[in-house]
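What follows is a short report on a single structure.
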Amino acid sequence: EKDDLQEVVLYGNHVSPGVQKIVSILQYHKIVFTKIEGKKKDSAYQKIPVLMLNGRQINDSYIIVKNLAPILYGEPLTEEELAFEKEMTMGLQPANLLQTLGSSDIGGMMGK
């Protein structure tokens with residue numbers, strides 16, 4: 001339940017579309033969270049975003065949204081919503097980042 005979200009920490013950077021998507025979702029739902037610029041240093045997972053939720057680490061914006069949906073909306077995403085979210089995460093977000101940064105190395109920004 002939404003009220004159970006007491007310890008919410010988001011790791012990422014201000015350029016990442018995935019991070020900005022999660023920030024937008026949390027702000028829209030008035031979830032109090034801490035944003036830490038950069039990667040989570042004590043984790044084997046070295047990509048962004050990473051969301052710490054009540055002590056549980058959730059990696060990747062697609063997986064984060066998938067895990068937040070039942071908490072915020074009371075039910076999991078439908079198959080259609082999951083397909084849309086996957087397209088946003090795997091297709092549109094990297095394209096948006098490439099467009100924003102031009103020919104810069106987006107591999108470093110994506111944590112690859």
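Each chain of the structure tokens is named A, B, ... in the order shown, its residues numbered from 1; ligands are numbered from 1 in display order.
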I want to know what sits within 12 Å of Leu26 in chain A, based on only C-alpha atoms, with residues of the same chain fewer than 3 positions away left out; could you give that as an NGL selection string? :A and (2 or 5 or 8-10 or 19-23 or 29-35 or 51 or 53 or 64-65 or 68-69 or 71-72)
Those in range 51-81 of chain A with strand (DSSP E or B) from DSSP, as a ChimeraX atom specification: /A:51-53,56-59
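Distances from A:Ser16, A:Lys40, A:Glu1, A:Tyr62 to Glu75 in chain A were compared using only C-alpha atoms, and the smallest one belongs to A:Glu1.
CA of Gln57 in chain A is found 9.1 Å from CA of Ser43 in chain A.
We find CA of Ile48 in chain A and CA of Leu77 in chain A to be spaced 22.0 Å apart.
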Selected residue of minimal separation from Met90 in chain A among A:Gln46, A:Pro76, A:Asp60, A:Ser24, counting only C-alpha atoms: A:Asp60
If you run DSSP on the backbone here, which positions in chain A get helix (DSSP H, G or I)? Please write them as a ChimeraX atom specification. /A:2-4,17-28,61-73,79-101,106-109
